[in-house]
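Structure, as structure tokens:
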Amino acid sequence: MKIDWTRNETLVFLVIVAFCLVATAVDPAFLSLPTLFDLLRNSIVTGIFAIGVLLVLISGGIDVSFTAIAAFSMYTTTLTLVSLGVDVPWYGIFVLSILIGTGLGLINAVFVAGFRLPTLIVTLGTLSAFRGFLLTFVGSQLISNVPAGMRDFSRLTMLRGTTGEGYFYSLPWAFLALVLVVIGTWFLLNRTLLGRKIFAIGGSSESAHRIGIGVRGVQVFVYAYVGALSGLAGIIHASLARVANPFDLVGLELSVIAAVVLGGARLTGGYGTITGTLLGVALIVLVSNSLILLGIPSTWQSVVIGTLILLGTGLPAYQAKRAALRAG
Amino acid sequence: MTEAPLVRLDAISKSFAGVQALSGVSFSIEAGQVVCLAGENGSGKSTLIKILAGVEKPDDGRVVIDGESFSALDPRISVARGIQVIYQDFALFPNLTVAENIAFSAELTSGHRLVNRRRIRTLAQKVLERIAVDIPLDTRIEALAVADKQLVAIARALALDARLVIMDEPTTALTEREVQSLLAIIRRLKAAGVAVLFVSHKLAEIFEVCEKIVVIRNGEVVSDKPAGEFDLDSLAYHMTGRHFEMTVARPFDPQAAPVLEVRDLGRDGTLDGIGFELRPGEVLGIAGLLGSGRTQLAKALFGLLPVDRGEIRLDGKEISLAGPLDAIAAGIGYVPEDRLTEGLFLSQSIARNIAVGRLDAFSGPLGWLDRTGLGAEARDWLKRLSVAAPNAGVPVKSLSGGNQQRVVLARWLAGSPRILILNGPTVGVDIGSKADIHAIIADLAERRLGVIVISDDLPELIGCCHRILVMKEGRIVEEIAGGAVDAGELAARLAS
């Protein structure tokens, strides 16, 4: 296959390779199974969030409230089960959290599709409102005694092993959730008419309206879907940590959106791929987790991520512009 | 066999907020007939299209399709009955491929929940073959030229078994040659039994394809006759209710010292060996196909495109243009091709748009703007160029195309330039405004401005210009005296 240098995917992939090479040069232990499994585990929650964000960006909108939705769903689910003292298997807990997330996503949808308000304004508002409501009316205490179902889930290990040097590594089954979300969303976007409608309204919502696509209906689906994924990501986060902290997750928005944009999705809508998004997530997770390995202070993380965003989105845009100039 | 017409409009009336857009409009379209709906901007053409598309409901009257009578259509009925509208902006998806754009509407009505790339490609290919057009199916729409986008829009209409295709101002953004291939497609549709309602305010092309011309003015049908019974003059008269004479360039002093001299101007790959002189009061036309370098030349003269070699002299003094500010300071004005995107701040007021080029002249010691002065100046220009606007404070986007063009002109004239470059000055304006703009050009020349007109409209060049330079591949290949050729001959020389 011909390498297309104007694609974000190519660039992000090369940066990942370069980063790994440098990291290995500094610390030969970097290139090992434990590091790989660490990174995979750390990309579960970010990855699920990113897939949701990808969908909204393609539809021509933006959602910054997903972390608040995740925290809300996760904490409310945990608190409810703990205070009722009922024993629900982990999948029941997951369904509850996903339903709460979907409900909150539908609140976004009411403002976006119902009142036709700008999506950034709506979700900035709900980000703050969901979080405030959670901390004020639901609770602000950390729950470390999570329901048994969640603890059971955290023990479900997909792969485990020990390296020759005696380092232990493992990958939880939760990783499968990311894989399923990726496959499902890929199918939705590329193989269903609904998915193509999402691309269509992101490309031109006016055109979509004129050829008879129910733009509002598609938007309702998109925000509900993001809500559902947020509910899922939230409960996975709490289960793996075996603690429900209502202050968790919020603050992650920008690095998740950064990952998706690095992967080639455009903030103006209509463009974005699952592959690009996953590469973007891999890069962000790599940078957030491994800079310290290289002896770079953690305060530098934001600087590095910011630089990557500027380069990762600026270079392809610059090359596309030059190509356009040459063409005509 | 006498059949009921495909579509018959019966005394359609529609008003918006008390303004009568259509009153008692009746005419019919037979299967496979090419009908032209002619009328100036604001005559009610768009409202009529929307009623046929089912987007607007008439206040009164009926639409009869295949003998079945409707008091109002809705978009689904229209589509189900085979009525397809190709809007001026095509309503395509820039981020999707040609194949997907063509098949999207058909997929929507098919009830499929899953998409199948092969099915979509086969459908798209079949439709493109029907109009004998070859566009790569996997190209994204954003990468296509305007003419190809239009073909995709036509193909999408056909994918839904259209029996009546309504084209709203289909030729606005096309060059002469592209218009010809569009007309060929319209003939092919007709041969396949598809009726076409061609909505336009351009006159010449109307005659080439139409069997019948329906003229509307102020919401009423003023004429509904076979195309053969019209000629350019009578059609213009019906559309506007006025008689026009083609503006002819007025004489200038050929001995006067040139205001602009260009020598051996060049830029690798775009311009080569450009040289000409322009005298005060002269109108110089530049003709050339798209890609001939005509727009690049205009941009180079305005400092928007850096040149590698050559010199530009203004009043005998060599000037160097590093950017538009240098050009403006030297007295060169440029009215761009796409007045909507390049020339105006659409959401800003007329006054601000006129003043933006020379805010310096209106700013006080601390940089405060003299608003009273600005307003007075703007009002003065509105009057001199007869811009139809309630006052100078309304946003430019509320004006019609012709009036927007005049606002752009006013901006440049306000700076008292020595040379004015007009690129496509009458693209997208109706015939009345066009005649007015031609008169303005003649006036400008009379005030001893040097005027350069770049246009696709060959009769316009021949009528307005003293000389016409023909450009090809970045070079000036021929110089023709205005009036020495007719449009057909000029077209032939451009294409040769």
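Going by the structure tokens order, chains are called A, B, ..., each with residues numbered from 1, while ligands are numbered from 1 in the order shown.
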List the spatial neighbours of stretch 206-209 of chain B as an MDAnalysis selection string - criterion: any atom at most 10 Å away, only C-alpha atoms, same-chain residues fewer than 3 positions off excluded. chainID B and resid 34:38 180 183:184 186:187 190 196 198:203 212:213 227:228 230:232 235
Output C-alpha atoms for every residue in the selection just made, as an mmCIF file, in the first residue's frame.
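New file result.cif:
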data_model
loop_
_atom_site.group_PDB
_atom_site.id
_atom_site.type_symbol
_atom_site.label_atom_id
_atom_site.label_comp_id
_atom_site.auth_asym_id
_atom_site.auth_seq_id
_atom_site.Cartn_x
_atom_site.Cartn_y
_atom_site.Cartn_z
ATOM 1 C CA VAL B 34 -37.711 20.805 -21.427
ATOM 2 C CA VAL B 35 -39.315 23.904 -20.000
ATOM 3 C CA CYS B 36 -37.528 27.026 -18.940
ATOM 4 C CA LEU B 37 -38.776 29.115 -16.094
ATOM 5 C CA ALA B 38 -37.269 32.547 -16.609
ATOM 6 C CA GLN B 180 -22.405 23.032 -23.243
ATOM 7 C CA LEU B 183 -26.987 21.102 -22.123
ATOM 8 C CA ALA B 184 -25.978 17.856 -23.817
ATOM 9 C CA ILE B 186 -30.344 17.771 -20.605
ATOM 10 C CA ARG B 187 -30.960 16.644 -24.205
ATOM 11 C CA LYS B 190 -35.230 14.476 -22.640
ATOM 12 C CA VAL B 196 -36.585 19.142 -17.147
ATOM 13 C CA PHE B 198 -34.653 24.718 -16.192
ATOM 14 C CA VAL B 199 -34.803 27.746 -13.909
ATOM 15 C CA SER B 200 -32.558 30.575 -14.962
ATOM 16 C CA HIS B 201 -32.121 34.252 -15.439
ATOM 17 C CA LYS B 202 -29.437 33.835 -18.093
ATOM 18 C CA LEU B 203 -30.880 34.456 -21.491
ATOM 19 C CA LYS B 212 -41.145 26.193 -23.970
ATOM 20 C CA ILE B 213 -40.335 29.291 -21.948
ATOM 21 C CA ALA B 227 -39.161 29.033 -27.236
ATOM 22 C CA GLY B 228 -39.194 29.758 -30.963
ATOM 23 C CA PHE B 230 -39.002 34.581 -28.280
ATOM 24 C CA ASP B 231 -35.785 36.327 -29.110
ATOM 25 C CA LEU B 232 -33.220 37.758 -26.684
ATOM 26 C CA LEU B 235 -37.330 37.704 -23.448
#
In stretch 267-314 of chain B, what's alpha helix (DSSP H) per DSSP? Answer as JSON, numbers by chain? {"B": [294, 295, 296, 297, 298, 299, 300, 301]}
Just need the residues of chain B within 8 Å of chain A, counting only C-alpha atoms, so spit them out as a list of chain:residue names. B:Pro75, B:Ala91, B:Leu92, B:Phe93, B:Pro94, B:Asn95, B:Leu96, B:Ser105, B:Glu107, B:Leu108, B:His112, B:Arg113, B:Leu114, B:Val115, B:Asn116, B:Gly291
Could you take the residues named above and write them with C-alpha atoms, as a PDB file, in the first residue's frame?
ATOM      1  CA  PRO B  75     -41.309  16.261   0.067  1.00  0.00           C
ATOM      2  CA  ALA B  91     -27.001  19.746  -1.369  1.00  0.00           C
ATOM      3  CA  LEU B  92     -24.249  17.124  -1.569  1.00  0.00           C
ATOM      4  CA  PHE B  93     -22.059  15.706   1.201  1.00  0.00           C
ATOM      5  CA  PRO B  94     -18.464  16.900   0.711  1.00  0.00           C
ATOM      6  CA  ASN B  95     -17.058  14.182   2.972  1.00  0.00           C
ATOM      7  CA  LEU B  96     -18.678  11.228   1.214  1.00  0.00           C
ATOM      8  CA  SER B 105     -31.429   9.142  -1.445  1.00  0.00           C
ATOM      9  CA  GLU B 107     -30.825   3.962  -0.062  1.00  0.00           C
ATOM     10  CA  LEU B 108     -33.026   6.056   2.221  1.00  0.00           C
ATOM     11  CA  HIS B 112     -32.206  -1.126   3.773  1.00  0.00           C
ATOM     12  CA  ARG B 113     -30.733  -0.839   7.234  1.00  0.00           C
ATOM     13  CA  LEU B 114     -27.317  -2.055   6.260  1.00  0.00           C
ATOM     14  CA  VAL B 115     -25.219  -0.573   3.517  1.00  0.00           C
ATOM     15  CA  ASN B 116     -23.544  -2.667   0.900  1.00  0.00           C
ATOM     16  CA  GLY B 291      -7.042  27.765 -15.762  1.00  0.00           C
TER      17      GLY B 291
END
Residues near A:Arg266, cut-off 10 Å, only C-alpha atoms, skip fewer than 4 positions along chain, as number ranges by chain: A: 54, 57-58, 60, 202, 260-262, 270-272, 313
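One distance worth recording is that between atom CA of B:Leu305 and atom CA of B:Arg352, which is 26.4 Å.
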For A:Tyr75: contacts at 7 Å, only C-alpha atoms, fewer than 6 positions along chain excluded, given as a list in words: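 The residues that qualify are Ala244, Asn245 and Pro246 of chain A.
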Those residues you just picked out, can you put them in a file as a PDB file, in the first residue's frame with C-alpha atoms?
ATOM      1  CA  ALA A 244     -15.995   4.748  43.331  1.00  0.00           C
ATOM      2  CA  ASN A 245     -14.607   8.253  43.607  1.00  0.00           C
ATOM      3  CA  PRO A 246     -17.066  10.956  42.482  1.00  0.00           C
TER       4      PRO A 246
END
What parts of stretch 49-189 of chain A does DSSP call strand (DSSP E or B)? I'd like the answer as a PyMOL selection string. chain A and resi 143+157-162+168-172
Against stretch 278-282 of chain A, which residues of stretch 109-218 of chain A fall within 12 Å? For each one I want the closest pair of atoms and the distance in Å (one decimal), counting only C-alpha atoms, rows by chain and increasing residue number, as CSV.
residue,atom,partner,partner_atom,distance
A:Leu178,CA,A:Leu278,CA,10.4
A:Val179,CA,A:Leu278,CA,10.7
A:Val181,CA,A:Leu278,CA,11.7
A:Val182,CA,A:Leu278,CA,8.9
A:Ile183,CA,A:Leu278,CA,11.8
A:Trp186,CA,A:Leu278,CA,11.6
Rounded to one decimal place, report the atom CA of A:Leu240-atom CA of A:Thr299 distance in Å.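 Calculated distance between atom CA of A:Leu240 and atom CA of A:Thr299 is 25.8 Å.
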Could you tell me how far atom CA of B:Ser349 sits from atom CA of B:Trp412, in Å to one decimal place?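 Atom CA of B:Trp412 sits 16.1 Å away from atom CA of B:Ser349.
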Give me, as a PyMOL selection string, all polymer residues having an atom no more than 10 Å from B:Met239, counting only C-alpha atoms and skipping those fewer than 5 positions away in the same chain. chain B and resi 38-41+43+201+203+214-218+221-223+233-234+430-432
Set out as a tab-separated table a contact list for stretch 255-276 of chain B and stretch 442-455 of chain B with a cut-off of 10 Å, giving each residue of stretch 255-276 of chain B that qualifies its closest atom pair and distance in Å to one decimal, counting only C-alpha atoms, ordered by chain and rising residue number.
residue	atom	partner	partner_atom	distance
B:Pro258	CA	B:Gly450	CA	8.9
B:Val259	CA	B:Gly450	CA	6.9
B:Leu260	CA	B:Gly450	CA	7.8
Which polymer residues have any atom within 12 Å of an atom of B:Ile421, counting only C-alpha atoms, with same-chain residues fewer than 5 positions away left out, as a PyMOL selection string? chain B and resi 260+278+282-286+294-295+297-302+327-328+331-337+408-409+412-413+441+444-445+449-455
Quick one: residues within 6 Å of stretch 37-51 of chain A, only C-alpha atoms, excluding same-chain residues fewer than 4 positions away - as a list in words? Phe175, Leu178, Ala233 and Val256 of chain A
Would you put the residues from that selection into a file with N, CA and C atoms, as a PDB file, in the first residue's frame?
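Saved the output as result.pdb:
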ATOM      1  N   PHE A 175     -10.698  -5.443  29.005  1.00  0.00           N
ATOM      2  CA  PHE A 175     -10.139  -5.046  27.715  1.00  0.00           C
ATOM      3  C   PHE A 175     -11.055  -5.493  26.572  1.00  0.00           C
ATOM      4  N   LEU A 178     -13.517  -2.919  25.456  1.00  0.00           N
ATOM      5  CA  LEU A 178     -13.022  -1.953  24.475  1.00  0.00           C
ATOM      6  C   LEU A 178     -13.056  -2.564  23.073  1.00  0.00           C
ATOM      7  N   ALA A 233     -17.793   3.138  30.388  1.00  0.00           N
ATOM      8  CA  ALA A 233     -16.409   3.468  30.745  1.00  0.00           C
ATOM      9  C   ALA A 233     -16.304   3.793  32.231  1.00  0.00           C
ATOM     10  N   VAL A 256      -8.880  13.207  25.945  1.00  0.00           N
ATOM     11  CA  VAL A 256      -9.622  12.277  25.085  1.00  0.00           C
ATOM     12  C   VAL A 256      -9.924  12.932  23.738  1.00  0.00           C
TER      13      VAL A 256
END
Nearest residue to A:Phe133 out of A:Ile93, A:Ala71, A:Leu106, A:Ala113, using only C-alpha atoms? A:Ala71
